file upload_31.cif (mmCIF, C-alpha atoms)
data_structure
loop_
_atom_site.label_atom_id
_atom_site.label_comp_id
_atom_site.auth_asym_id
_atom_site.auth_seq_id
_atom_site.Cartn_x
_atom_site.Cartn_y
_atom_site.Cartn_z
CA MET A 1061 -24.16 -45.98 -10.46
CA ASN A 1062 -23.05 -49.55 -10.86
CA LYS A 1063 -23.55 -52.07 -8.09
CA LYS A 1064 -20.84 -51.73 -5.45
CA VAL A 1065 -19.08 -54.67 -3.83
CA ASP A 1066 -19.58 -55.13 -0.08
CA LEU A 1067 -16.02 -55.52 1.17
CA LEU A 1068 -16.94 -55.87 4.84
CA LYS A 1069 -18.98 -59.08 4.65
CA GLY A 1070 -19.11 -62.40 2.85
CA HIS A 1071 -16.50 -64.75 1.46
CA ILE A 1072 -13.15 -62.96 1.18
CA PHE A 1073 -12.03 -64.48 -2.14
CA THR A 1074 -15.41 -63.78 -3.73
CA SER A 1075 -15.58 -60.17 -2.51
CA LEU A 1076 -11.97 -59.46 -3.43
CA THR A 1077 -12.26 -61.08 -6.83
CA GLU A 1078 -15.52 -59.30 -7.65
CA LEU A 1079 -13.83 -55.97 -6.97
CA ALA A 1080 -10.45 -56.88 -8.44
CA LEU A 1081 -11.47 -58.42 -11.77
CA PRO A 1082 -12.85 -55.19 -13.28
CA ILE A 1083 -9.76 -53.37 -12.00
CA MET A 1084 -7.45 -55.96 -13.55
CA VAL A 1085 -9.35 -55.75 -16.82
CA THR A 1086 -9.09 -51.95 -16.59
CA ALA A 1087 -5.34 -52.33 -16.13
CA LEU A 1088 -5.19 -54.56 -19.19
CA VAL A 1089 -7.23 -51.97 -21.10
CA GLN A 1090 -4.76 -49.27 -20.04
CA MET A 1091 -1.92 -51.54 -21.09
CA ALA A 1092 -3.58 -52.06 -24.46
CA TYR A 1093 -3.97 -48.28 -24.61
CA SER A 1094 -0.18 -47.85 -24.28
CA LEU A 1095 0.68 -50.79 -26.53
CA THR A 1096 -1.61 -49.46 -29.25
CA ASP A 1097 0.35 -46.21 -29.22
CA MET A 1098 3.60 -48.13 -29.27
CA ALA A 1099 2.54 -50.42 -32.11
CA TRP A 1100 1.64 -47.49 -34.37
CA ILE A 1101 4.69 -45.46 -33.37
CA GLY A 1102 6.82 -48.57 -33.96
CA ILE A 1103 5.72 -48.55 -37.59
CA ALA A 1104 7.12 -45.02 -37.85
CA GLY A 1105 10.51 -46.41 -36.75
CA ALA A 1106 12.84 -46.64 -33.75
CA PRO A 1107 13.65 -42.86 -33.74
CA SER A 1108 9.98 -42.05 -33.17
CA VAL A 1109 9.82 -44.66 -30.41
CA ALA A 1110 12.88 -43.08 -28.77
CA ALA A 1111 11.21 -39.65 -28.88
CA VAL A 1112 8.04 -40.98 -27.26
CA GLY A 1113 10.22 -42.82 -24.74
CA ALA A 1114 11.98 -39.63 -23.65
CA GLY A 1115 8.86 -37.44 -23.55
CA GLY A 1116 6.83 -40.22 -21.98
CA MET A 1117 9.16 -40.35 -18.98
CA TYR A 1118 7.61 -37.10 -17.77
CA VAL A 1119 4.11 -38.53 -18.22
CA TRP A 1120 5.27 -41.33 -15.93
CA LEU A 1121 6.79 -38.79 -13.53
CA SER A 1122 3.43 -37.01 -13.36
CA GLN A 1123 1.90 -40.12 -11.81
CA GLY A 1124 4.11 -39.51 -8.80
CA VAL A 1125 2.70 -36.00 -8.49
CA VAL A 1126 -0.93 -37.10 -8.62
CA ALA A 1127 -0.22 -40.06 -6.30
CA LEU A 1128 -0.44 -37.70 -3.30
CA ALA A 1129 -4.05 -36.79 -4.05
CA LYS A 1130 -5.01 -40.23 -5.34
CA MET A 1131 -3.56 -42.31 -2.49
CA GLY A 1132 -4.55 -39.90 0.27
CA GLY A 1133 -8.08 -39.62 -1.09
CA GLN A 1134 -8.58 -43.32 -1.75
CA VAL A 1135 -7.34 -44.49 1.65
CA LYS A 1136 -9.24 -41.88 3.67
CA VAL A 1137 -12.47 -42.39 1.70
CA ALA A 1138 -12.18 -46.14 2.34
CA HIS A 1139 -11.55 -45.59 6.07
CA ALA A 1140 -14.52 -43.22 6.33
CA LEU A 1141 -16.89 -45.55 4.46
CA GLY A 1142 -15.70 -48.52 6.51
CA GLY A 1143 -16.76 -46.58 9.60
CA GLY A 1144 -20.09 -45.57 8.01
CA ARG A 1145 -19.17 -41.85 7.72
CA LYS A 1146 -20.37 -40.83 4.24
CA GLU A 1147 -20.22 -37.06 4.76
CA GLU A 1148 -16.61 -37.39 5.86
CA ALA A 1149 -15.83 -39.52 2.81
CA ALA A 1150 -17.29 -36.82 0.54
CA LYS A 1151 -15.03 -34.17 2.08
CA TYR A 1152 -11.98 -36.33 1.43
CA ALA A 1153 -13.12 -36.87 -2.16
CA SER A 1154 -13.55 -33.12 -2.65
CA GLY A 1155 -10.09 -32.44 -1.26
CA ALA A 1156 -8.47 -35.06 -3.48
CA LEU A 1157 -10.05 -33.61 -6.62
CA GLN A 1158 -9.09 -30.05 -5.67
CA LEU A 1159 -5.48 -31.11 -5.14
CA GLY A 1160 -5.49 -32.93 -8.48
CA ILE A 1161 -6.60 -29.84 -10.40
CA LEU A 1162 -3.99 -27.66 -8.67
CA PHE A 1163 -1.20 -30.13 -9.35
CA SER A 1164 -2.18 -30.54 -13.00
CA VAL A 1165 -1.96 -26.79 -13.64
CA LEU A 1166 1.44 -26.47 -11.97
CA TYR A 1167 2.92 -29.58 -13.61
CA GLY A 1168 1.49 -28.76 -17.03
CA GLY A 1169 2.97 -25.26 -16.95
CA LEU A 1170 6.37 -26.61 -15.94
CA CYS A 1171 6.42 -29.07 -18.85
CA ILE A 1172 5.28 -26.54 -21.45
CA PHE A 1173 7.75 -23.81 -20.52
CA GLY A 1174 10.60 -26.10 -19.47
CA ALA A 1175 10.44 -28.62 -22.32
CA LYS A 1176 13.92 -27.82 -23.66
CA PRO A 1177 15.95 -28.55 -20.49
CA LEU A 1178 13.66 -31.41 -19.48
CA ILE A 1179 14.30 -33.32 -22.71
CA GLY A 1180 17.91 -32.16 -22.79
CA PHE A 1181 18.48 -34.10 -19.57
CA PHE A 1182 18.57 -37.41 -21.48
CA GLY A 1183 21.48 -36.35 -23.69
CA LEU A 1184 19.94 -37.60 -26.94
CA SER A 1185 22.11 -36.94 -29.98
CA ASP A 1186 19.60 -36.88 -32.86
CA ILE A 1187 18.06 -33.41 -33.33
CA GLY A 1188 14.87 -34.85 -34.86
CA ILE A 1189 14.33 -37.17 -31.90
CA VAL A 1190 14.89 -34.30 -29.45
CA GLU A 1191 12.35 -32.05 -31.23
CA ASN A 1192 9.72 -34.78 -31.41
CA ALA A 1193 10.27 -35.57 -27.73
CA ARG A 1194 9.59 -31.91 -26.84
CA ILE A 1195 6.39 -31.91 -28.89
CA TYR A 1196 5.18 -35.10 -27.20
CA LEU A 1197 6.00 -33.67 -23.76
CA LYS A 1198 4.19 -30.36 -24.31
CA ILE A 1199 1.00 -31.99 -25.55
CA THR A 1200 0.68 -34.92 -23.14
CA CYS A 1201 1.85 -33.14 -19.98
CA GLY A 1202 0.51 -29.71 -20.86
CA LEU A 1203 -2.98 -31.23 -20.82
CA ILE A 1204 -2.29 -33.67 -17.99
CA VAL A 1205 -5.42 -32.51 -16.11
CA PHE A 1206 -7.55 -35.23 -17.74
CA SER A 1207 -5.12 -37.96 -16.71
CA PHE A 1208 -5.00 -36.61 -13.14
CA MET A 1209 -8.79 -36.50 -12.84
CA ASN A 1210 -9.10 -40.05 -14.19
CA VAL A 1211 -6.55 -41.40 -11.70
CA ILE A 1212 -8.21 -39.72 -8.70
CA LEU A 1213 -11.76 -40.65 -9.71
CA THR A 1214 -10.65 -44.25 -10.23
CA GLY A 1215 -9.16 -44.31 -6.72
CA ILE A 1216 -12.26 -42.85 -5.07
CA LEU A 1217 -14.65 -45.16 -6.93
CA THR A 1218 -12.51 -48.17 -6.04
CA ALA A 1219 -12.56 -47.14 -2.38
CA MET A 1220 -16.36 -47.12 -2.66
CA GLY A 1221 -16.32 -50.69 -4.00
CA ASP A 1222 -17.13 -49.67 -7.57
CA SER A 1223 -14.55 -51.00 -10.02
CA ARG A 1224 -16.91 -51.31 -12.99
CA THR A 1225 -17.26 -47.62 -13.80
CA PRO A 1226 -13.47 -47.17 -14.29
CA LEU A 1227 -13.52 -50.21 -16.58
CA LYS A 1228 -16.27 -48.76 -18.77
CA ALA A 1229 -14.63 -45.32 -18.90
CA ASN A 1230 -11.18 -46.64 -19.80
CA THR A 1231 -12.60 -49.03 -22.41
CA ALA A 1232 -14.29 -46.08 -24.12
CA GLY A 1233 -10.93 -44.28 -24.14
CA LEU A 1234 -9.14 -47.31 -25.56
CA VAL A 1235 -11.58 -47.70 -28.46
CA LEU A 1236 -11.27 -44.03 -29.34
CA ASN A 1237 -7.49 -44.14 -29.06
CA MET A 1238 -7.29 -47.12 -31.42
CA VAL A 1239 -9.23 -45.11 -34.01
CA LEU A 1240 -7.35 -41.84 -33.54
CA ASP A 1241 -3.80 -43.22 -33.42
CA PRO A 1242 -3.37 -44.24 -37.09
CA LEU A 1243 -5.46 -41.28 -38.24
CA LEU A 1244 -3.43 -38.64 -36.39
CA ILE A 1245 -0.02 -40.30 -36.71
CA PHE A 1246 -0.08 -41.19 -40.43
CA GLY A 1247 -3.14 -39.33 -41.74
CA ALA A 1248 -5.88 -40.55 -44.06
CA GLY A 1249 -7.47 -38.86 -47.07
CA PRO A 1250 -7.68 -35.12 -46.44
CA VAL A 1251 -6.39 -35.51 -42.86
CA ASN A 1252 -2.63 -34.97 -42.59
CA GLY A 1253 -0.58 -37.11 -40.22
CA PHE A 1254 1.31 -35.45 -37.38
CA GLY A 1255 3.68 -38.26 -36.41
CA VAL A 1256 4.70 -38.20 -32.76
CA GLY A 1257 2.54 -35.12 -32.17
CA GLY A 1258 -0.45 -37.04 -33.51
CA ALA A 1259 0.18 -39.87 -31.06
CA ALA A 1260 0.25 -37.37 -28.20
CA ALA A 1261 -2.96 -35.69 -29.39
CA ALA A 1262 -4.74 -39.04 -29.71
CA THR A 1263 -3.79 -39.90 -26.14
CA VAL A 1264 -5.01 -36.59 -24.70
CA ILE A 1265 -8.31 -36.67 -26.61
CA ALA A 1266 -8.97 -40.22 -25.44
CA GLN A 1267 -8.19 -39.24 -21.83
CA ALA A 1268 -10.59 -36.31 -22.09
CA VAL A 1269 -13.36 -38.66 -23.21
CA VAL A 1270 -12.61 -40.94 -20.25
CA THR A 1271 -13.04 -37.94 -17.94
CA VAL A 1272 -16.40 -37.12 -19.52
CA VAL A 1273 -17.60 -40.71 -19.03
CA PHE A 1274 -16.55 -40.54 -15.37
CA LEU A 1275 -18.37 -37.25 -14.81
CA LYS A 1276 -21.58 -38.59 -16.33
CA ALA A 1277 -21.41 -41.72 -14.18
CA ILE A 1278 -20.74 -40.04 -10.83
CA ARG A 1279 -23.72 -37.71 -11.28
CA LYS A 1280 -25.92 -40.70 -10.40
CA ASP A 1281 -24.08 -41.60 -7.19
CA ARG A 1282 -25.85 -41.18 -3.87
CA MET A 1283 -23.13 -42.52 -1.59
CA VAL A 1284 -20.30 -39.97 -1.91
CA PHE A 1285 -20.33 -37.80 -5.04
CA ASP A 1286 -23.76 -36.28 -4.44
CA LYS A 1287 -22.20 -34.71 -1.33
CA VAL A 1288 -18.99 -33.52 -3.02
CA ARG A 1289 -18.65 -29.72 -3.19
CA MET A 1290 -15.75 -28.76 -5.45
CA LEU A 1291 -15.93 -25.01 -4.77
CA GLN A 1292 -16.12 -25.30 -0.99
CA ARG A 1293 -13.03 -25.16 1.17
CA VAL A 1294 -12.12 -28.55 2.64
CA PRO A 1295 -11.20 -28.40 6.37
CA GLN A 1296 -7.47 -28.21 7.01
CA ASP A 1297 -7.38 -31.37 9.14
CA TYR A 1298 -8.91 -33.36 6.26
CA MET A 1299 -6.31 -32.05 3.82
CA GLY A 1300 -3.59 -32.72 6.37
CA ALA A 1301 -4.69 -36.33 6.85
CA MET A 1302 -4.65 -36.97 3.08
CA ILE A 1303 -1.26 -35.32 2.66
CA ARG A 1304 0.24 -37.37 5.51
CA ILE A 1305 -0.87 -40.57 3.81
CA GLY A 1306 -0.35 -39.50 0.20
CA PHE A 1307 2.97 -37.68 0.55
CA PRO A 1308 5.17 -40.76 1.15
CA ALA A 1309 3.52 -42.54 -1.79
CA SER A 1310 4.05 -39.47 -3.96
CA VAL A 1311 7.71 -39.14 -2.99
CA GLN A 1312 8.18 -42.85 -3.60
CA ASN A 1313 6.73 -42.58 -7.10
CA LEU A 1314 8.69 -39.44 -7.91
CA ILE A 1315 11.98 -40.92 -6.75
CA TYR A 1316 11.24 -44.20 -8.52
CA THR A 1317 10.58 -42.38 -11.79
CA SER A 1318 13.56 -40.04 -11.30
CA ILE A 1319 15.79 -43.06 -10.83
CA SER A 1320 14.36 -44.55 -14.02
CA MET A 1321 15.13 -41.28 -15.81
CA ILE A 1322 18.73 -41.38 -14.59
CA LEU A 1323 18.99 -44.99 -15.75
CA THR A 1324 17.47 -43.96 -19.10
CA ARG A 1325 20.36 -41.54 -19.45
CA PHE A 1326 22.75 -44.42 -18.79
CA VAL A 1327 20.92 -46.45 -21.41
CA ALA A 1328 21.23 -43.57 -23.90
CA GLY A 1329 24.98 -44.00 -23.58
CA PHE A 1330 24.56 -47.23 -25.53
CA GLY A 1331 22.83 -45.32 -28.35
CA ASP A 1332 19.43 -43.74 -29.02
CA THR A 1333 18.15 -47.14 -30.16
CA ALA A 1334 18.71 -48.52 -26.67
CA VAL A 1335 16.22 -45.92 -25.38
CA ALA A 1336 13.66 -47.29 -27.83
CA VAL A 1337 14.30 -50.80 -26.49
CA LEU A 1338 13.77 -49.58 -22.93
CA ARG A 1339 10.53 -47.86 -23.90
CA VAL A 1340 9.06 -50.81 -25.77
CA GLY A 1341 10.32 -53.38 -23.26
CA GLY A 1342 8.80 -51.42 -20.40
CA GLN A 1343 5.45 -51.25 -22.17
CA ILE A 1344 5.47 -54.99 -22.81
CA GLU A 1345 6.45 -55.66 -19.21
CA SER A 1346 3.40 -53.66 -18.16
CA ILE A 1347 1.31 -56.77 -18.81
CA SER A 1348 2.40 -57.86 -15.33
CA TRP A 1349 2.94 -54.67 -13.35
CA MET A 1350 -0.15 -52.80 -14.53
CA THR A 1351 -2.33 -55.80 -13.71
CA ALA A 1352 -0.64 -56.17 -10.32
CA ASP A 1353 -1.05 -52.44 -9.71
CA GLY A 1354 -4.75 -52.80 -10.50
CA PHE A 1355 -5.09 -55.69 -8.08
CA ALA A 1356 -3.17 -53.64 -5.52
CA ALA A 1357 -5.87 -50.96 -5.82
CA ALA A 1358 -8.47 -53.60 -4.98
CA ILE A 1359 -6.61 -54.91 -1.94
CA ASN A 1360 -5.99 -51.30 -0.89
CA SER A 1361 -9.74 -50.62 -0.74
CA PHE A 1362 -10.46 -54.02 0.83
CA VAL A 1363 -7.86 -53.48 3.55
CA GLY A 1364 -8.84 -49.84 4.01
CA GLN A 1365 -12.54 -50.54 4.60
CA ASN A 1366 -11.92 -53.55 6.85
CA TYR A 1367 -9.27 -51.66 8.79
CA GLY A 1368 -11.76 -48.82 9.27
CA ALA A 1369 -14.28 -51.41 10.52
CA LYS A 1370 -11.59 -52.93 12.81
CA GLN A 1371 -11.88 -56.37 11.14
CA TYR A 1372 -8.15 -57.10 11.33
CA GLY A 1373 -8.37 -60.85 10.82
CA ARG A 1374 -10.21 -60.23 7.55
CA VAL A 1375 -7.46 -57.78 6.54
CA LYS A 1376 -4.81 -60.47 6.96
CA LYS A 1377 -6.76 -63.16 5.10
CA GLY A 1378 -7.55 -60.75 2.28
CA TYR A 1379 -3.89 -59.91 1.75
CA PHE A 1380 -2.70 -63.51 1.57
CA THR A 1381 -5.46 -64.31 -0.89
CA ALA A 1382 -4.40 -61.41 -3.09
CA ALA A 1383 -0.68 -62.21 -2.80
CA ALA A 1384 -1.26 -65.82 -3.88
CA VAL A 1385 -3.29 -64.76 -6.92
CA MET A 1386 -0.68 -62.20 -7.99
CA PHE A 1387 2.23 -64.59 -7.53
CA CYS A 1388 0.53 -66.99 -9.95
CA TRP A 1389 -0.07 -64.14 -12.40
CA GLY A 1390 3.59 -63.18 -12.16
CA MET A 1391 4.62 -66.74 -12.95
CA PHE A 1392 2.44 -66.68 -16.05
CA CYS A 1393 4.00 -63.40 -17.20
CA THR A 1394 7.47 -64.83 -16.61
CA PHE A 1395 6.56 -67.74 -18.87
CA LEU A 1396 5.44 -65.39 -21.65
CA LEU A 1397 8.47 -63.10 -21.51
CA VAL A 1398 11.07 -65.85 -21.20
CA VAL A 1399 9.63 -68.31 -23.72
CA PHE A 1400 8.31 -65.93 -26.42
CA PRO A 1401 10.48 -62.78 -26.23
CA LYS A 1402 11.29 -62.52 -29.93
CA GLN A 1403 7.71 -62.98 -31.09
CA ILE A 1404 6.40 -60.41 -28.58
CA PHE A 1405 9.05 -57.73 -29.11
CA GLY A 1406 8.83 -58.12 -32.88
CA LEU A 1407 5.24 -56.88 -32.76
CA PHE A 1408 6.44 -53.38 -31.87
CA ILE A 1409 9.94 -52.93 -33.29
CA HIS A 1410 10.62 -54.14 -36.81
CA GLU A 1411 14.32 -53.31 -37.31
CA ALA A 1412 16.25 -56.61 -37.33
CA ASP A 1413 19.27 -55.16 -35.50
CA VAL A 1414 17.12 -53.89 -32.61
CA ILE A 1415 15.08 -57.04 -31.91
CA PRO A 1416 17.96 -59.02 -30.24
CA MET A 1417 18.42 -56.17 -27.73
CA GLY A 1418 14.71 -56.33 -26.93
CA VAL A 1419 14.83 -60.09 -26.50
CA HIS A 1420 17.57 -59.74 -23.86
CA TYR A 1421 15.49 -57.13 -22.02
CA LEU A 1422 12.37 -59.30 -21.86
CA VAL A 1423 14.18 -62.46 -20.76
CA ILE A 1424 16.15 -60.72 -18.01
CA LEU A 1425 13.16 -58.77 -16.67
CA GLY A 1426 10.98 -61.84 -17.03
CA VAL A 1427 12.87 -63.55 -14.22
CA SER A 1428 11.55 -61.09 -11.63
CA GLN A 1429 7.90 -60.72 -12.60
CA MET A 1430 6.35 -62.81 -9.80
CA PHE A 1431 8.34 -60.90 -7.17
CA MET A 1432 7.32 -57.55 -8.63
CA CYS A 1433 3.65 -58.59 -8.55
CA VAL A 1434 3.91 -59.50 -4.85
CA GLU A 1435 5.70 -56.20 -4.17
CA LEU A 1436 2.95 -54.08 -5.73
CA THR A 1437 0.19 -56.10 -4.02
CA THR A 1438 1.86 -55.63 -0.64
CA VAL A 1439 2.32 -51.89 -1.20
CA GLY A 1440 -1.43 -51.68 -1.83
CA ALA A 1441 -2.21 -53.58 1.36
CA LEU A 1442 0.17 -51.58 3.56
CA SER A 1443 -1.16 -48.33 2.09
CA GLY A 1444 -4.67 -49.47 2.95
CA LEU A 1445 -3.51 -49.63 6.57
CA GLY A 1446 -2.19 -46.08 6.22
CA LYS A 1447 1.43 -47.27 6.37
CA THR A 1448 2.58 -45.47 3.22
CA LEU A 1449 5.80 -44.26 4.86
CA LEU A 1450 6.96 -47.81 5.54
CA SER A 1451 6.30 -48.80 1.92
CA SER A 1452 8.10 -45.73 0.65
CA VAL A 1453 11.23 -46.30 2.71
CA ILE A 1454 11.66 -49.86 1.45
CA SER A 1455 10.92 -48.93 -2.16
CA ILE A 1456 13.16 -45.86 -2.18
CA VAL A 1457 16.16 -47.59 -0.63
CA PHE A 1458 16.18 -50.59 -2.92
CA THR A 1459 15.11 -48.75 -6.07
CA THR A 1460 17.89 -46.22 -5.51
CA ALA A 1461 20.30 -49.14 -5.26
CA ARG A 1462 19.63 -49.73 -8.97
CA ILE A 1463 21.86 -46.78 -9.87
CA PRO A 1464 25.19 -48.03 -8.43
CA LEU A 1465 24.28 -51.60 -9.40
CA ALA A 1466 23.55 -50.54 -12.98
CA MET A 1467 26.79 -48.52 -13.12
CA PHE A 1468 28.76 -51.52 -11.95
CA LEU A 1469 27.08 -54.21 -14.04
CA GLY A 1470 26.88 -51.92 -17.09
CA SER A 1471 30.65 -51.43 -16.99
CA THR A 1472 31.31 -55.17 -17.08
CA ALA A 1473 31.16 -57.53 -20.03
CA LEU A 1474 27.37 -57.56 -19.59
CA GLY A 1475 27.15 -54.04 -21.02
CA LEU A 1476 23.55 -52.95 -21.61
CA ASP A 1477 22.28 -56.25 -20.21
CA GLY A 1478 23.88 -55.30 -16.89
CA ILE A 1479 21.42 -52.41 -16.56
CA TRP A 1480 18.52 -54.79 -17.22
CA TRP A 1481 19.88 -57.14 -14.52
CA ALA A 1482 19.99 -54.22 -12.05
CA PHE A 1483 16.25 -53.76 -12.61
CA SER A 1484 15.50 -57.46 -12.15
CA ILE A 1485 17.66 -58.08 -9.08
CA SER A 1486 16.21 -55.12 -7.18
CA SER A 1487 12.64 -56.27 -7.95
CA ILE A 1488 13.37 -59.74 -6.55
CA ILE A 1489 14.78 -58.30 -3.31
CA LYS A 1490 11.86 -55.87 -2.86
CA GLY A 1491 9.27 -58.58 -3.46
CA ILE A 1492 10.74 -60.78 -0.72
CA LEU A 1493 11.17 -57.92 1.76
CA PHE A 1494 7.66 -56.55 1.29
CA PHE A 1495 6.10 -59.98 1.84
CA LEU A 1496 8.04 -60.47 5.09
CA CYS A 1497 7.17 -56.92 6.15
CA PHE A 1498 3.42 -57.48 5.84
CA ILE A 1499 3.63 -60.71 7.84
CA ILE A 1500 5.19 -58.76 10.72
CA VAL A 1501 2.76 -55.82 10.47
CA SER A 1502 -0.35 -58.01 10.26
CA ARG A 1503 0.79 -60.17 13.16
CA LYS A 1504 1.13 -57.09 15.38
CA LEU A 1505 -2.26 -55.85 14.21
CA VAL A 1506 -4.07 -59.07 15.11
CA GLU A 1507 -2.21 -59.43 18.41
CA GLY A 1508 -3.11 -55.84 19.31
CA GLN A 1509 -6.77 -56.59 18.64
CA LYS A 1510 -6.67 -59.67 20.88
CA LYS A 1511 -5.11 -57.69 23.74
CA SER A 1512 -7.81 -55.02 23.46
CA PHE A 1513 -10.43 -57.66 24.28
CA LEU A 1514 -8.60 -58.95 27.35
#

call {"tool": "encode", "arguments": {"input": "upload_31.cif", "output": "structure tokens"}}
result
Amino acid sequence: MNKKVDLLKGHIFTSLTELALPIMVTALVQMAYSLTDMAWIGIAGAPSVAAVGAGGMYVWLSQGVVALAKMGGQVKVAHALGGGRKEEAAKYASGALQLGILFSVLYGGLCIFGAKPLIGFFGLSDIGIVENARIYLKITCGLIVFSFMNVILTGILTAMGDSRTPLKANTAGLVLNMVLDPLLIFGAGPVNGFGVGGAAAATVIAQAVVTVVFLKAIRKDRMVFDKVRMLQRVPQDYMGAMIRIGFPASVQNLIYTSISMILTRFVAGFGDTAVAVLRVGGQIESISWMTADGFAAAINSFVGQNYGAKQYGRVKKGYFTAAAVMFCWGMFCTFLLVVFPKQIFGLFIHEADVIPMGVHYLVILGVSQMFMCVELTTVGALSGLGKTLLSSVISIVFTTARIPLAMFLGSTALGLDGIWWAFSISSIIKGILFFLCFIIVSRKLVEGQKKSFL
């Protein structure tokens, strides 16, 4: 296994950065993974992008399902390792992987047999787009097991202080995906292209390779995975502890994605092309939120281990270091989206009448990027403390508020731009609230520690 970062000792910025940088690069690799798909699909035209956008919503929804196993496993493994309990950590890892396999089978079956009503929810008018969306859904979600395993293994390895293995595994997947995308979408020589279905197949094959790389790497581990027993029953109290921590995060993700799906239906009211704009704009915007989400995974493990070791002052300092770094990253992303929106969006959508809509999306969402980065970083830190319910309540309340706000602003002269503003305004509010929330929580934590010594 790769060298693991010691999160309990040493300079906080150095330890955090050493763990976070590979995770951030992994996030950028995953972003490139998605953008590669979008760039090739964009060549096929806006209708194909709209189909991938509709089917891809359920891939996004699946991340809420696996979040229960991923978050519960990552936090509890970190707590156990922070307290020096490796056998306990292995049991949590086993339980997380077992839950992931179960969820992937159930979710995959639902998407395969329920593809028609699931895609019908969006109210798309073009029959070709609807059919392609169903194909994309059945392939990507029907074989979602590889994605689920990759997410859970990434979480467990990060909790162990190993962020390099996920980077290597995801980079291998990206390289393969870049080769397979044009081949399976458009064809070459004797190989026929499969369009949207080819894009889905390329994604699944690449994810399967990532899983194989993970499995080969963890065979060498002597900290946790050598003690993992996949076929043994995990004690009920271990499963219960993971579910208590992971369930709020899962519900939060599911509600967040469901709200986005409802808003996608609103967007579809402005035409199928508007759905393509939402899909591409969201992928471009991922340059900030996927990186912040990756950094959040690092601060989650940092906080989790130090919380388990009862080093509360180090928890607080680690968070503020991470929040400062992510705020700066958000500012940089705002600069890119606001100053170069036409150049960036034009890389993925080539129809002249669609580009102005994409420019408006990027500029409006660009305003909120630094707040969104702080929000995601804080969610990671609070989750590391086991306070997933608190994070979920704040996120659910203010993300749900996007629906009435979008309905109101969308009905004004702003039109489609009003929906984009609903996204941006809610992100700004959540970023501020989460930051204030952690200040209060960390203050109580440190004060409680001081009182225990008196």

call {"tool": "residues_around", "arguments": {"input": "upload_31.cif", "residues": "region 1235-1247 of chain A", "least_positions_apart": "6", "cutoff": "10 Å", "atoms": "all atoms listed in the file", "output": "PyMOL selection string"}}
result
chain A and resi 1089+1092-1094+1096-1101+1103-1104+1253-1267+1269-1270

call {"tool": "resolve_selection", "arguments": {"input": "upload_31.cif", "expression": "the PyMOL selection byres ((chain A and resi 1068) around 8)", "output": "VMD selection string"}}
result
chain A and resid 1066 to 1067 1069 to 1070 1142 1362 1365 to 1366 1369

call {"tool": "residues_around", "arguments": {"input": "upload_31.cif", "residues": "Tyr1379 (chain A)", "least_positions_apart": "4", "cutoff": "7 Å", "atoms": "only C-alpha atoms", "output": "ChimeraX atom specification"}}
result
/A:1359,1375,1383,1441

call {"tool": "closest_residue", "arguments": {"input": "upload_31.cif", "among": "A:Phe1182, A:Leu1213, A:Gly1364, A:Ile1456", "to": "Val1284 (chain A)", "atoms": "all atoms listed in the file"}}
result
A:Leu1213

call {"tool": "resolve_selection", "arguments": {"input": "upload_31.cif", "expression": "the PyMOL selection byres ((chain A and resi 1222) around 12)", "output": "mmCIF file with C-alpha atoms, in the coordinates of the input"}}
result
data_model
loop_
_atom_site.group_PDB
_atom_site.id
_atom_site.type_symbol
_atom_site.label_atom_id
_atom_site.label_comp_id
_atom_site.auth_asym_id
_atom_site.auth_seq_id
_atom_site.Cartn_x
_atom_site.Cartn_y
_atom_site.Cartn_z
ATOM 1 C CA MET A 1061 -24.160 -45.980 -10.460
ATOM 2 C CA ASN A 1062 -23.050 -49.550 -10.860
ATOM 3 C CA LYS A 1063 -23.550 -52.070 -8.090
ATOM 4 C CA LYS A 1064 -20.840 -51.730 -5.450
ATOM 5 C CA VAL A 1065 -19.080 -54.670 -3.830
ATOM 6 C CA ASP A 1066 -19.580 -55.130 -0.080
ATOM 7 C CA LEU A 1067 -16.020 -55.520 1.170
ATOM 8 C CA SER A 1075 -15.580 -60.170 -2.510
ATOM 9 C CA LEU A 1076 -11.970 -59.460 -3.430
ATOM 10 C CA GLU A 1078 -15.520 -59.300 -7.650
ATOM 11 C CA LEU A 1079 -13.830 -55.970 -6.970
ATOM 12 C CA ALA A 1080 -10.450 -56.880 -8.440
ATOM 13 C CA LEU A 1081 -11.470 -58.420 -11.770
ATOM 14 C CA PRO A 1082 -12.850 -55.190 -13.280
ATOM 15 C CA ILE A 1083 -9.760 -53.370 -12.000
ATOM 16 C CA ALA A 1138 -12.180 -46.140 2.340
ATOM 17 C CA LEU A 1213 -11.760 -40.650 -9.710
ATOM 18 C CA THR A 1214 -10.650 -44.250 -10.230
ATOM 19 C CA GLY A 1215 -9.160 -44.310 -6.720
ATOM 20 C CA ILE A 1216 -12.260 -42.850 -5.070
ATOM 21 C CA LEU A 1217 -14.650 -45.160 -6.930
ATOM 22 C CA THR A 1218 -12.510 -48.170 -6.040
ATOM 23 C CA ALA A 1219 -12.560 -47.140 -2.380
ATOM 24 C CA MET A 1220 -16.360 -47.120 -2.660
ATOM 25 C CA GLY A 1221 -16.320 -50.690 -4.000
ATOM 26 C CA SER A 1223 -14.550 -51.000 -10.020
ATOM 27 C CA ARG A 1224 -16.910 -51.310 -12.990
ATOM 28 C CA THR A 1225 -17.260 -47.620 -13.800
ATOM 29 C CA PRO A 1226 -13.470 -47.170 -14.290
ATOM 30 C CA LEU A 1227 -13.520 -50.210 -16.580
ATOM 31 C CA LYS A 1228 -16.270 -48.760 -18.770
ATOM 32 C CA ALA A 1277 -21.410 -41.720 -14.180
ATOM 33 C CA ILE A 1278 -20.740 -40.040 -10.830
ATOM 34 C CA ASP A 1281 -24.080 -41.600 -7.190
ATOM 35 C CA MET A 1283 -23.130 -42.520 -1.590
ATOM 36 C CA VAL A 1284 -20.300 -39.970 -1.910
ATOM 37 C CA ALA A 1357 -5.870 -50.960 -5.820
ATOM 38 C CA ALA A 1358 -8.470 -53.600 -4.980
ATOM 39 C CA SER A 1361 -9.740 -50.620 -0.740
ATOM 40 C CA PHE A 1362 -10.460 -54.020 0.830
#
